[in-house]
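So this one's work23.cif, mmCIF, C-alpha atoms and all ligand atoms:
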data_data
loop_
_atom_site.group_PDB
_atom_site.id
_atom_site.type_symbol
_atom_site.label_atom_id
_atom_site.label_comp_id
_atom_site.auth_asym_id
_atom_site.auth_seq_id
_atom_site.Cartn_x
_atom_site.Cartn_y
_atom_site.Cartn_z
ATOM 1 C CA MET A 1 100.162 -59.309 -22.237
ATOM 2 C CA ASP A 2 99.810 -60.728 -18.710
ATOM 3 C CA TRP A 3 98.592 -58.844 -15.659
ATOM 4 C CA GLY A 4 102.105 -57.835 -14.622
ATOM 5 C CA GLN A 5 102.980 -56.450 -18.054
ATOM 6 C CA SER A 6 99.677 -54.582 -18.222
ATOM 7 C CA ASN A 7 100.353 -53.121 -14.805
ATOM 8 C CA ARG A 8 103.862 -52.107 -15.819
ATOM 9 C CA LEU A 9 102.552 -50.598 -19.058
ATOM 10 C CA SER A 10 100.092 -48.511 -17.062
ATOM 11 C CA ASN A 11 103.032 -47.374 -14.929
ATOM 12 C CA ILE A 12 104.550 -45.950 -18.111
ATOM 13 C CA ILE A 13 101.554 -44.760 -20.136
ATOM 14 C CA LYS A 14 99.150 -43.238 -17.625
ATOM 15 C CA PRO A 15 95.588 -44.626 -17.871
ATOM 16 C CA GLU A 16 94.050 -41.300 -16.778
ATOM 17 C CA THR A 17 95.072 -39.641 -20.033
ATOM 18 C CA GLY A 18 96.554 -42.448 -22.105
ATOM 19 C CA LYS A 19 99.676 -40.339 -22.348
ATOM 20 C CA THR A 20 103.169 -40.205 -20.888
ATOM 21 C CA VAL A 21 105.978 -37.779 -20.169
ATOM 22 C CA MET A 22 109.080 -39.948 -20.007
ATOM 23 C CA LEU A 23 112.245 -38.215 -18.831
ATOM 24 C CA ALA A 24 115.246 -39.555 -20.740
ATOM 25 C CA VAL A 25 118.637 -39.296 -19.058
ATOM 26 C CA ASP A 26 120.338 -42.335 -20.641
ATOM 27 C CA HIS A 27 122.542 -40.241 -22.940
ATOM 28 C CA GLY A 28 125.728 -40.883 -20.998
ATOM 29 C CA TYR A 29 125.898 -44.487 -22.175
ATOM 30 C CA PHE A 30 127.604 -43.208 -25.321
ATOM 31 C CA LEU A 31 127.973 -39.444 -24.794
ATOM 32 C CA GLY A 32 129.562 -39.506 -21.331
ATOM 33 C CA PRO A 33 129.028 -36.376 -19.164
ATOM 34 C CA THR A 34 126.990 -34.514 -21.787
ATOM 35 C CA SER A 35 125.846 -30.966 -21.048
ATOM 36 C CA GLY A 36 123.202 -30.949 -18.332
ATOM 37 C CA LEU A 37 124.030 -34.488 -17.249
ATOM 38 C CA GLU A 38 127.448 -33.825 -15.717
ATOM 39 C CA GLU A 39 125.977 -34.689 -12.318
ATOM 40 C CA PRO A 40 122.857 -36.802 -12.912
ATOM 41 C CA LYS A 41 121.795 -36.803 -9.259
ATOM 42 C CA LYS A 42 121.719 -33.003 -9.176
ATOM 43 C CA THR A 43 119.943 -32.833 -12.542
ATOM 44 C CA LEU A 44 117.267 -35.309 -11.526
ATOM 45 C CA GLU A 45 116.411 -34.152 -8.017
ATOM 46 C CA PRO A 46 114.280 -31.096 -8.949
ATOM 47 C CA ILE A 47 112.527 -32.608 -11.977
ATOM 48 C CA LEU A 48 112.038 -36.291 -11.180
ATOM 49 C CA LYS A 49 108.682 -35.799 -9.473
ATOM 50 C CA TYR A 50 107.211 -34.380 -12.689
ATOM 51 C CA ALA A 51 108.194 -37.403 -14.793
ATOM 52 C CA ASP A 52 105.744 -40.216 -15.462
ATOM 53 C CA THR A 53 108.665 -42.517 -16.227
ATOM 54 C CA LEU A 54 112.443 -42.276 -16.044
ATOM 55 C CA MET A 55 114.566 -43.717 -18.845
ATOM 56 C CA LEU A 56 118.160 -44.211 -17.750
ATOM 57 C CA THR A 57 121.075 -46.601 -17.533
ATOM 58 C CA ARG A 58 121.823 -49.162 -14.843
ATOM 59 C CA GLY A 59 124.768 -47.170 -13.589
ATOM 60 C CA VAL A 60 122.899 -43.896 -13.152
ATOM 61 C CA LEU A 61 119.967 -45.697 -11.521
ATOM 62 C CA ARG A 62 122.179 -47.461 -8.985
ATOM 63 C CA ASN A 63 124.388 -44.481 -8.172
ATOM 64 C CA CYS A 64 122.334 -41.345 -8.726
ATOM 65 C CA VAL A 65 118.728 -42.255 -7.871
ATOM 66 C CA ASP A 66 117.407 -42.881 -4.374
ATOM 67 C CA THR A 67 115.923 -46.324 -3.765
ATOM 68 C CA SER A 68 112.811 -44.607 -2.414
ATOM 69 C CA ILE A 69 111.925 -43.481 -5.974
ATOM 70 C CA ASP A 70 108.295 -44.075 -6.948
ATOM 71 C CA VAL A 71 108.741 -43.090 -10.602
ATOM 72 C CA PRO A 72 108.613 -46.120 -12.933
ATOM 73 C CA ILE A 73 111.861 -47.027 -14.644
ATOM 74 C CA VAL A 74 112.546 -47.915 -18.274
ATOM 75 C CA LEU A 75 116.095 -49.229 -18.320
ATOM 76 C CA ARG A 76 118.458 -48.680 -21.268
ATOM 77 C CA VAL A 77 119.851 -52.161 -21.983
ATOM 78 C CA SER A 78 121.862 -51.541 -25.146
ATOM 79 C CA GLY A 79 125.213 -49.882 -25.657
ATOM 80 C CA GLY A 80 128.828 -50.716 -26.451
ATOM 81 C CA THR A 81 129.732 -47.649 -28.498
ATOM 82 C CA SER A 82 130.906 -44.114 -27.735
ATOM 83 C CA VAL A 83 130.642 -40.770 -29.417
ATOM 84 C CA LEU A 84 134.275 -41.283 -30.519
ATOM 85 C CA GLN A 85 133.005 -43.785 -33.079
ATOM 86 C CA ASP A 86 131.696 -42.410 -36.366
ATOM 87 C CA ASP A 87 129.242 -45.329 -36.561
ATOM 88 C CA LEU A 88 127.124 -45.579 -33.388
ATOM 89 C CA SER A 89 125.198 -48.581 -34.700
ATOM 90 C CA LYS A 90 127.631 -51.133 -33.228
ATOM 91 C CA GLU A 91 125.497 -51.604 -30.137
ATOM 92 C CA GLY A 92 124.926 -54.802 -28.262
ATOM 93 C CA ILE A 93 122.942 -55.853 -25.198
ATOM 94 C CA THR A 94 124.631 -54.471 -22.088
ATOM 95 C CA VAL A 95 122.232 -55.433 -19.299
ATOM 96 C CA ALA A 96 120.873 -58.886 -18.478
ATOM 97 C CA THR A 97 117.102 -58.732 -18.266
ATOM 98 C CA LYS A 98 117.307 -60.545 -14.915
ATOM 99 C CA ASP A 99 119.187 -57.527 -13.566
ATOM 100 C CA ALA A 100 116.550 -55.180 -14.983
ATOM 101 C CA VAL A 101 113.974 -57.171 -13.017
ATOM 102 C CA LYS A 102 116.117 -56.958 -9.860
ATOM 103 C CA LEU A 103 116.360 -53.200 -10.423
ATOM 104 C CA ASN A 104 112.565 -53.148 -10.461
ATOM 105 C CA ALA A 105 112.377 -51.774 -13.986
ATOM 106 C CA SER A 106 108.931 -51.533 -15.558
ATOM 107 C CA GLY A 107 110.460 -51.643 -19.032
ATOM 108 C CA ILE A 108 113.638 -52.239 -20.991
ATOM 109 C CA ALA A 109 114.798 -50.178 -23.965
ATOM 110 C CA LEU A 110 117.191 -50.949 -26.815
ATOM 111 C CA SER A 111 118.134 -49.029 -29.958
ATOM 112 C CA ILE A 112 117.628 -50.481 -33.416
ATOM 113 C CA PHE A 113 119.668 -49.058 -36.291
ATOM 114 C CA VAL A 114 117.611 -49.845 -39.381
ATOM 115 C CA GLY A 115 119.587 -49.227 -42.571
ATOM 116 C CA SER A 116 122.971 -49.351 -40.852
ATOM 117 C CA ASP A 117 125.697 -51.955 -41.351
ATOM 118 C CA ASN A 118 124.625 -53.410 -37.996
ATOM 119 C CA GLU A 119 120.907 -53.473 -38.765
ATOM 120 C CA ARG A 120 120.592 -57.239 -38.414
ATOM 121 C CA GLU A 121 122.407 -57.491 -35.092
ATOM 122 C CA THR A 122 120.425 -54.653 -33.528
ATOM 123 C CA LEU A 123 117.126 -56.101 -34.738
ATOM 124 C CA LEU A 124 117.969 -59.561 -33.433
ATOM 125 C CA ASN A 125 119.020 -57.955 -30.131
ATOM 126 C CA MET A 126 115.630 -56.221 -30.034
ATOM 127 C CA ALA A 127 113.916 -59.562 -30.610
ATOM 128 C CA LYS A 128 115.945 -61.069 -27.767
ATOM 129 C CA ILE A 129 114.939 -58.434 -25.244
ATOM 130 C CA ILE A 130 111.319 -58.616 -26.420
ATOM 131 C CA ASP A 131 111.406 -62.350 -25.667
ATOM 132 C CA ASP A 132 112.971 -61.595 -22.285
ATOM 133 C CA ALA A 133 110.314 -58.965 -21.597
ATOM 134 C CA GLU A 134 107.636 -61.565 -22.299
ATOM 135 C CA GLU A 135 109.344 -64.074 -20.013
ATOM 136 C CA TYR A 136 109.726 -61.651 -17.106
ATOM 137 C CA GLY A 137 106.574 -59.591 -17.629
ATOM 138 C CA LEU A 138 108.349 -56.371 -18.560
ATOM 139 C CA VAL A 139 107.464 -53.774 -21.187
ATOM 140 C CA SER A 140 109.806 -53.533 -24.186
ATOM 141 C CA LEU A 141 110.615 -50.196 -25.802
ATOM 142 C CA ALA A 142 112.362 -49.977 -29.169
ATOM 143 C CA VAL A 143 114.343 -46.812 -29.884
ATOM 144 C CA THR A 144 114.570 -46.105 -33.606
ATOM 145 C CA ALA A 145 118.051 -44.651 -33.733
ATOM 146 C CA VAL A 146 118.683 -42.830 -36.994
ATOM 147 C CA GLY A 147 121.770 -44.224 -38.651
ATOM 148 C CA LYS A 148 124.311 -41.646 -39.819
ATOM 149 C CA ASP A 149 123.326 -41.998 -43.466
ATOM 150 C CA MET A 150 119.593 -42.124 -42.834
ATOM 151 C CA VAL A 151 117.085 -39.314 -43.406
ATOM 152 C CA ARG A 152 114.744 -38.634 -40.472
ATOM 153 C CA ASP A 153 111.598 -38.647 -42.618
ATOM 154 C CA SER A 154 108.256 -40.457 -42.425
ATOM 155 C CA ARG A 155 109.419 -43.119 -44.882
ATOM 156 C CA TYR A 156 112.465 -44.075 -42.836
ATOM 157 C CA LEU A 157 110.925 -43.588 -39.396
ATOM 158 C CA GLY A 158 107.790 -45.382 -40.594
ATOM 159 C CA LEU A 159 109.888 -48.330 -41.725
ATOM 160 C CA ALA A 160 111.933 -48.509 -38.523
ATOM 161 C CA SER A 161 108.906 -48.063 -36.241
ATOM 162 C CA ARG A 162 106.901 -50.726 -38.082
ATOM 163 C CA ILE A 163 109.766 -53.205 -37.993
ATOM 164 C CA ALA A 164 110.057 -52.650 -34.223
ATOM 165 C CA ALA A 165 106.338 -53.250 -33.810
ATOM 166 C CA GLU A 166 106.464 -56.352 -36.045
ATOM 167 C CA LEU A 167 109.192 -57.762 -33.798
ATOM 168 C CA GLY A 168 106.783 -57.360 -30.895
ATOM 169 C CA SER A 169 107.967 -54.240 -29.105
ATOM 170 C CA HIS A 170 105.248 -52.838 -26.814
ATOM 171 C CA ILE A 171 106.247 -49.194 -27.315
ATOM 172 C CA VAL A 172 108.268 -47.487 -30.047
ATOM 173 C CA LYS A 173 110.299 -44.354 -29.468
ATOM 174 C CA THR A 174 110.959 -42.450 -32.662
ATOM 175 C CA TYR A 175 111.218 -38.842 -33.809
ATOM 176 C CA TYR A 176 108.617 -36.348 -34.981
ATOM 177 C CA CYS A 177 108.711 -35.668 -38.720
ATOM 178 C CA ASP A 178 106.569 -34.258 -41.531
ATOM 179 C CA ASP A 179 103.638 -36.586 -42.270
ATOM 180 C CA PHE A 180 104.115 -38.043 -38.777
ATOM 181 C CA GLU A 181 100.557 -39.310 -38.870
ATOM 182 C CA LYS A 182 101.681 -41.782 -41.539
ATOM 183 C CA VAL A 183 104.256 -43.197 -39.084
ATOM 184 C CA VAL A 184 101.583 -43.513 -36.382
ATOM 185 C CA ARG A 185 99.014 -45.063 -38.718
ATOM 186 C CA ALA A 186 101.445 -47.767 -39.852
ATOM 187 C CA CYS A 187 102.615 -48.624 -36.330
ATOM 188 C CA PRO A 188 100.207 -50.829 -34.341
ATOM 189 C CA VAL A 189 101.753 -50.025 -30.947
ATOM 190 C CA PRO A 190 102.022 -46.742 -29.007
ATOM 191 C CA ILE A 191 104.636 -44.256 -30.153
ATOM 192 C CA VAL A 192 106.515 -41.736 -28.028
ATOM 193 C CA ILE A 193 108.853 -39.166 -29.524
ATOM 194 C CA ALA A 194 112.355 -38.232 -28.475
ATOM 195 C CA GLY A 195 112.959 -34.518 -28.270
ATOM 196 C CA GLY A 196 116.259 -34.617 -30.119
ATOM 197 C CA LYS A 197 118.917 -31.937 -29.857
ATOM 198 C CA LYS A 198 118.172 -28.864 -27.753
ATOM 199 C CA ILE A 199 115.982 -26.316 -29.538
ATOM 200 C CA PRO A 200 114.274 -23.185 -28.148
ATOM 201 C CA GLU A 201 111.763 -24.122 -25.470
ATOM 202 C CA LYS A 202 108.793 -22.781 -27.419
ATOM 203 C CA ASP A 203 109.803 -24.865 -30.450
ATOM 204 C CA ALA A 204 110.120 -27.985 -28.298
ATOM 205 C CA LEU A 205 106.621 -27.384 -26.965
ATOM 206 C CA VAL A 206 105.314 -27.000 -30.534
ATOM 207 C CA LEU A 207 107.078 -30.273 -31.359
ATOM 208 C CA ALA A 208 105.349 -32.045 -28.479
ATOM 209 C CA ARG A 209 101.983 -30.522 -29.401
ATOM 210 C CA ASN A 210 102.276 -31.587 -33.026
ATOM 211 C CA ALA A 211 103.345 -35.109 -32.090
ATOM 212 C CA ILE A 212 100.432 -35.587 -29.698
ATOM 213 C CA ASP A 213 97.966 -34.088 -32.178
ATOM 214 C CA ARG A 214 99.207 -36.521 -34.834
ATOM 215 C CA GLY A 215 98.937 -39.617 -32.658
ATOM 216 C CA ALA A 216 101.933 -39.960 -30.331
ATOM 217 C CA VAL A 217 101.016 -41.065 -26.803
ATOM 218 C CA GLY A 218 103.740 -38.903 -25.352
ATOM 219 C CA VAL A 219 107.352 -37.921 -25.268
ATOM 220 C CA ASP A 220 110.543 -39.499 -24.034
ATOM 221 C CA MET A 221 112.388 -36.214 -23.785
ATOM 222 C CA GLY A 222 115.833 -35.481 -22.406
ATOM 223 C CA ARG A 223 117.982 -32.637 -23.706
ATOM 224 C CA ASN A 224 115.081 -30.254 -24.233
ATOM 225 C CA ILE A 225 114.291 -30.624 -20.558
ATOM 226 C CA PHE A 226 117.614 -31.003 -18.754
ATOM 227 C CA GLN A 227 119.449 -28.516 -20.999
ATOM 228 C CA SER A 228 116.677 -25.941 -20.653
ATOM 229 C CA ASP A 229 117.254 -22.681 -18.775
ATOM 230 C CA SER A 230 114.583 -23.971 -16.400
ATOM 231 C CA PRO A 231 114.267 -27.787 -16.440
ATOM 232 C CA VAL A 232 111.593 -27.595 -13.713
ATOM 233 C CA GLY A 233 109.615 -25.146 -15.828
ATOM 234 C CA MET A 234 110.113 -27.070 -19.029
ATOM 235 C CA ILE A 235 109.029 -30.492 -17.760
ATOM 236 C CA GLN A 236 105.890 -28.952 -16.275
ATOM 237 C CA ALA A 237 105.187 -27.144 -19.543
ATOM 238 C CA VAL A 238 105.631 -30.405 -21.455
ATOM 239 C CA ARG A 239 103.204 -32.070 -19.037
ATOM 240 C CA GLU A 240 100.620 -29.408 -19.790
ATOM 241 C CA VAL A 241 100.929 -30.115 -23.515
ATOM 242 C CA VAL A 242 100.910 -33.897 -23.172
ATOM 243 C CA HIS A 243 98.389 -34.478 -20.386
ATOM 244 C CA ASN A 244 96.247 -31.331 -20.371
ATOM 245 C CA ASN A 245 96.116 -30.614 -24.086
ATOM 246 C CA ALA A 246 97.606 -27.151 -23.596
ATOM 247 C CA THR A 247 98.632 -25.077 -26.573
ATOM 248 C CA PRO A 248 102.334 -24.282 -26.943
ATOM 249 C CA ASP A 249 101.590 -20.658 -26.060
ATOM 250 C CA VAL A 250 99.869 -21.553 -22.793
ATOM 251 C CA ALA A 251 102.599 -24.054 -21.940
ATOM 252 C CA TYR A 252 105.322 -21.556 -22.799
ATOM 253 C CA ASP A 253 103.717 -18.986 -20.513
ATOM 254 C CA LEU A 254 103.802 -21.582 -17.721
ATOM 255 C CA TYR A 255 107.452 -22.264 -18.509
ATOM 256 C CA ASN A 256 108.339 -18.586 -18.258
ATOM 257 C CA THR A 257 106.325 -18.090 -15.073
ATOM 258 C CA ILE A 258 108.165 -20.953 -13.376
ATOM 259 C CA LYS A 259 111.523 -19.871 -14.792
ATOM 260 C CA ASN A 260 111.059 -16.332 -13.483
ATOM 261 C CA GLU A 261 109.893 -17.488 -10.045
ATOM 262 C CA LYS A 262 113.474 -18.238 -8.950
HETATM 263 C C1 LIG A 301 119.848 -41.119 -26.359
HETATM 264 C C2 LIG A 301 118.448 -41.574 -26.285
HETATM 265 C C3 LIG A 301 117.504 -40.697 -25.569
HETATM 266 O O1 LIG A 301 116.741 -41.501 -24.662
HETATM 267 C C4 LIG A 301 116.504 -40.118 -26.568
HETATM 268 O O2 LIG A 301 117.182 -39.532 -27.655
HETATM 269 C C5 LIG A 301 115.619 -39.074 -25.886
HETATM 270 O O3 LIG A 301 116.412 -38.019 -25.488
HETATM 271 P P1 LIG A 301 116.384 -36.609 -26.268
HETATM 272 O O4 LIG A 301 115.014 -36.009 -26.040
HETATM 273 O O5 LIG A 301 117.505 -35.816 -25.616
HETATM 274 O O6 LIG A 301 116.624 -36.920 -27.720
HETATM 275 O O7 LIG A 301 118.039 -42.602 -26.785
HETATM 276 O O8 LIG A 301 120.546 -41.948 -27.200
#
Output the file's structure in the form of structure tokens.
Ligand code: 5RP
Amino acid sequence: MDWGQSNRLSNIIKPETGKTVMLAVDHGYFLGPTSGLEEPKKTLEPILKYADTLMLTRGVLRNCVDTSIDVPIVLRVSGGTSVLQDDLSKEGITVATKDAVKLNASGIALSIFVGSDNERETLLNMAKIIDDAEEYGLVSLAVTAVGKDMVRDSRYLGLASRIAAELGSHIVKTYYCDDFEKVVRACPVPIVIAGGKKIPEKDALVLARNAIDRGAVGVDMGRNIFQSDSPVGMIQAVREVVHNNATPDVAYDLYNTIKNEK
């Protein structure tokens, strides 16, 4: 990893704690105006300053984020499907890495669909953007998307995460699962977890706590923040868990205090 990549990696995973709270708002690339992201600019304005990194698409970055932003960007560079498809694995590369560089991204992210009919294409696409990341000094992030017939367990997520790391991805985004420590142990690069579908705030904080305790370096969370009753409260509560080692109870109290301040 050259100086530039190391610097960009430290933009994403904060050296002070070795952890990260990535805010994911890239969902529209296949979900369209999903709940909480109908107006990305409005969603982002109150919570952006609490994010260590922002994961989003080129279109939302260009049109909904001010150029004065000082939050590092991880750009979603895969897509080509929509929620109207029953098989979301037919993704390709949708952003040229040169444009990611021009957009001042610190990292680029692509989904791999291990076990799907399009496994090979998505893995070769991941290899391509890893090569690009090396050429341009960016950080690569592999998203282990769970194919429709796959079980989100440590065996599957361990396989997908390890394959991503073997390809050379700098960071792997996967999901929390039982025996998560096995996934972490078998993956030689940092792991962040997606939050997944919206669950009660307390449960999402327990999820984050468990993931960190079992070896994740952070979260790349979206719906459990921007679909929360208080996104500003939730992202700050998640930060307490990730960066300050807070218990879910303490973090949940913070969430409620901020939520009730309005
Ligand atoms: C959507 C994504 C999201 O970045 C990822 O799932 C994190 O968001 P959430 O916490 O809402 O799951 O890859 O396809």
In Å, with one decimal, what is the gap from CA of Phe226 (chain A) to CA of Ala96 (chain A)?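 According to the coordinates, CA of Phe226 (chain A) and CA of Ala96 (chain A) are separated by 28.1 Å.
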Would you name the residues within 6 Å of ligand LIG 301 (chain A), counting all atoms listed in the file, and put them as a PyMOL selection string? chain A and resi 24+26-27+194-197+220-223
Select, counting only C-alpha atoms, all protein, DNA and RNA residues no farther than 12 Å from (112.3, -22.0, -10.5) in file coordinates, and express the selection as a list in words.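 Those residues, ordered by chain and then number, are Pro46, Ile47, Ser228, Asp229, Ser230, Pro231, Val232, Gly233, Met234, Ile235, Gln236, Leu254, Tyr255, Asn256, Thr257, Ile258, Lys259, Asn260, Glu261 and Lys262 of chain A.
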Next, the residues of the selection above should be written as a CSV table (one decimal), in the frame of the given file with C-alpha atoms.
chain,number,residue,atom,x,y,z
A,46,PRO,CA,114.3,-31.1,-8.9
A,47,ILE,CA,112.5,-32.6,-12.0
A,228,SER,CA,116.7,-25.9,-20.7
A,229,ASP,CA,117.3,-22.7,-18.8
A,230,SER,CA,114.6,-24.0,-16.4
A,231,PRO,CA,114.3,-27.8,-16.4
A,232,VAL,CA,111.6,-27.6,-13.7
A,233,GLY,CA,109.6,-25.1,-15.8
A,234,MET,CA,110.1,-27.1,-19.0
A,235,ILE,CA,109.0,-30.5,-17.8
A,236,GLN,CA,105.9,-29.0,-16.3
A,254,LEU,CA,103.8,-21.6,-17.7
A,255,TYR,CA,107.5,-22.3,-18.5
A,256,ASN,CA,108.3,-18.6,-18.3
A,257,THR,CA,106.3,-18.1,-15.1
A,258,ILE,CA,108.2,-21.0,-13.4
A,259,LYS,CA,111.5,-19.9,-14.8
A,260,ASN,CA,111.1,-16.3,-13.5
A,261,GLU,CA,109.9,-17.5,-10.0
A,262,LYS,CA,113.5,-18.2,-9.0
Taking the file as shown, what set of residues would the PyMOL selection byres (((chain A and resi 70-83) around 7) and not hetatm) give back, as a PDB file with C-alpha atoms, keeping the file's coordinate frame?
ATOM      1  CA  ASN A  11     103.032 -47.374 -14.929  1.00  0.00           C
ATOM      2  CA  ILE A  12     104.550 -45.950 -18.111  1.00  0.00           C
ATOM      3  CA  ASP A  26     120.338 -42.335 -20.641  1.00  0.00           C
ATOM      4  CA  TYR A  29     125.898 -44.487 -22.175  1.00  0.00           C
ATOM      5  CA  PHE A  30     127.604 -43.208 -25.321  1.00  0.00           C
ATOM      6  CA  LEU A  31     127.973 -39.444 -24.794  1.00  0.00           C
ATOM      7  CA  ASP A  52     105.744 -40.216 -15.462  1.00  0.00           C
ATOM      8  CA  THR A  53     108.665 -42.517 -16.227  1.00  0.00           C
ATOM      9  CA  LEU A  54     112.443 -42.276 -16.044  1.00  0.00           C
ATOM     10  CA  MET A  55     114.566 -43.717 -18.845  1.00  0.00           C
ATOM     11  CA  LEU A  56     118.160 -44.211 -17.750  1.00  0.00           C
ATOM     12  CA  THR A  57     121.075 -46.601 -17.533  1.00  0.00           C
ATOM     13  CA  ARG A  58     121.823 -49.162 -14.843  1.00  0.00           C
ATOM     14  CA  SER A  68     112.811 -44.607  -2.414  1.00  0.00           C
ATOM     15  CA  ILE A  69     111.925 -43.481  -5.974  1.00  0.00           C
ATOM     16  CA  LEU A  84     134.275 -41.283 -30.519  1.00  0.00           C
ATOM     17  CA  GLN A  85     133.005 -43.785 -33.079  1.00  0.00           C
ATOM     18  CA  LEU A  88     127.124 -45.579 -33.388  1.00  0.00           C
ATOM     19  CA  LYS A  90     127.631 -51.133 -33.228  1.00  0.00           C
ATOM     20  CA  GLU A  91     125.497 -51.604 -30.137  1.00  0.00           C
ATOM     21  CA  GLY A  92     124.926 -54.802 -28.262  1.00  0.00           C
ATOM     22  CA  ILE A  93     122.942 -55.853 -25.198  1.00  0.00           C
ATOM     23  CA  THR A  94     124.631 -54.471 -22.088  1.00  0.00           C
ATOM     24  CA  VAL A  95     122.232 -55.433 -19.299  1.00  0.00           C
ATOM     25  CA  ALA A 100     116.550 -55.180 -14.983  1.00  0.00           C
ATOM     26  CA  ALA A 105     112.377 -51.774 -13.986  1.00  0.00           C
ATOM     27  CA  SER A 106     108.931 -51.533 -15.558  1.00  0.00           C
ATOM     28  CA  GLY A 107     110.460 -51.643 -19.032  1.00  0.00           C
ATOM     29  CA  ILE A 108     113.638 -52.239 -20.991  1.00  0.00           C
ATOM     30  CA  ALA A 109     114.798 -50.178 -23.965  1.00  0.00           C
ATOM     31  CA  LEU A 110     117.191 -50.949 -26.815  1.00  0.00           C
ATOM     32  CA  SER A 111     118.134 -49.029 -29.958  1.00  0.00           C
TER      33      SER A 111
END
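Going from CA of Val21 (chain A) to CA of Val242 (chain A) covers 7.1 Å.
Note on the selection: in this file the PyMOL selection byres (((chain A and resi 4) around 10) and not hetatm) comes out as A:Met1, A:Asp2, A:Trp3, A:Gln5, A:Ser6, A:Asn7, A:Arg8, A:Leu9, A:Ser10, A:Ser106, A:Tyr136, A:Gly137, A:Leu138, A:Val139.
Those residues that approach region 163-168 of chain A to within 7 Å, counting only C-alpha atoms, are Ala127, Ile130, Ala142, Cys187, Pro188 and Val189 of chain A; same-chain residues fewer than 6 positions away are not listed.
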Can you write just those residues out, C-alpha atoms, as a PDB file, in the coordinates of the input?
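Once everything was written out, this is again-v7.pdb:
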ATOM      1  CA  ALA A 127     113.916 -59.562 -30.610  1.00  0.00           C
ATOM      2  CA  ILE A 130     111.319 -58.616 -26.420  1.00  0.00           C
ATOM      3  CA  ALA A 142     112.362 -49.977 -29.169  1.00  0.00           C
ATOM      4  CA  CYS A 187     102.615 -48.624 -36.330  1.00  0.00           C
ATOM      5  CA  PRO A 188     100.207 -50.829 -34.341  1.00  0.00           C
ATOM      6  CA  VAL A 189     101.753 -50.025 -30.947  1.00  0.00           C
TER       7      VAL A 189
END
Here's a test: counting only C-alpha atoms, identify every protein, DNA and RNA residue with an atom at most 8 Å from (116.3, -43.9, -34.0) in the file's coordinate frame, and state them as a list in words.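 Those within range, by chain then number, are Ser111, Ile112, Phe113, Val143, Thr144, Ala145, Val146, Gly147, Leu157, Ala160, Lys173, Thr174 and Tyr175 of chain A.
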Any chance you could export the current selection's C-alpha atoms as a JSON list (two decimals), in the frame of the given file?
[["chain", "number", "residue", "atom", "x", "y", "z"],
["A", 111, "SER", "CA", 118.13, -49.03, -29.96],
["A", 112, "ILE", "CA", 117.63, -50.48, -33.42],
["A", 113, "PHE", "CA", 119.67, -49.06, -36.29],
["A", 143, "VAL", "CA", 114.34, -46.81, -29.88],
["A", 144, "THR", "CA", 114.57, -46.10, -33.61],
["A", 145, "ALA", "CA", 118.05, -44.65, -33.73],
["A", 146, "VAL", "CA", 118.68, -42.83, -36.99],
["A", 147, "GLY", "CA", 121.77, -44.22, -38.65],
["A", 157, "LEU", "CA", 110.92, -43.59, -39.40],
["A", 160, "ALA", "CA", 111.93, -48.51, -38.52],
["A", 173, "LYS", "CA", 110.30, -44.35, -29.47],
["A", 174, "THR", "CA", 110.96, -42.45, -32.66],
["A", 175, "TYR", "CA", 111.22, -38.84, -33.81]]
Exactly which residues make up the result of the PyMOL selection byres (((chain A and resi 243) around 10) and not hetatm) on this file, given as a list in words? Lys14, Glu16, Thr17, Gly18, Lys19, Thr20, Val21, Ile212, Val217, Gly218, Val238, Arg239, Glu240, Val241, Val242, Asn244, Asn245 and Ala246 of chain A
Centre and edges of the region 12-25 of chain A box, axis-aligned, 4 Å extra per side, as lines of an AutoDock Vina configuration file:
center_x = 106.3
center_y = -41.9
center_z = -19.6
size_x = 32.6
size_y = 16.2
size_z = 13.6
Taking 5 positions as the minimum chain separation for residues in the same chain, which residues sit within 10 Å of Asp66 (chain A) when counting all atoms listed in the file? Answer as a list in words. Lys41, Glu45 and Leu61 of chain A
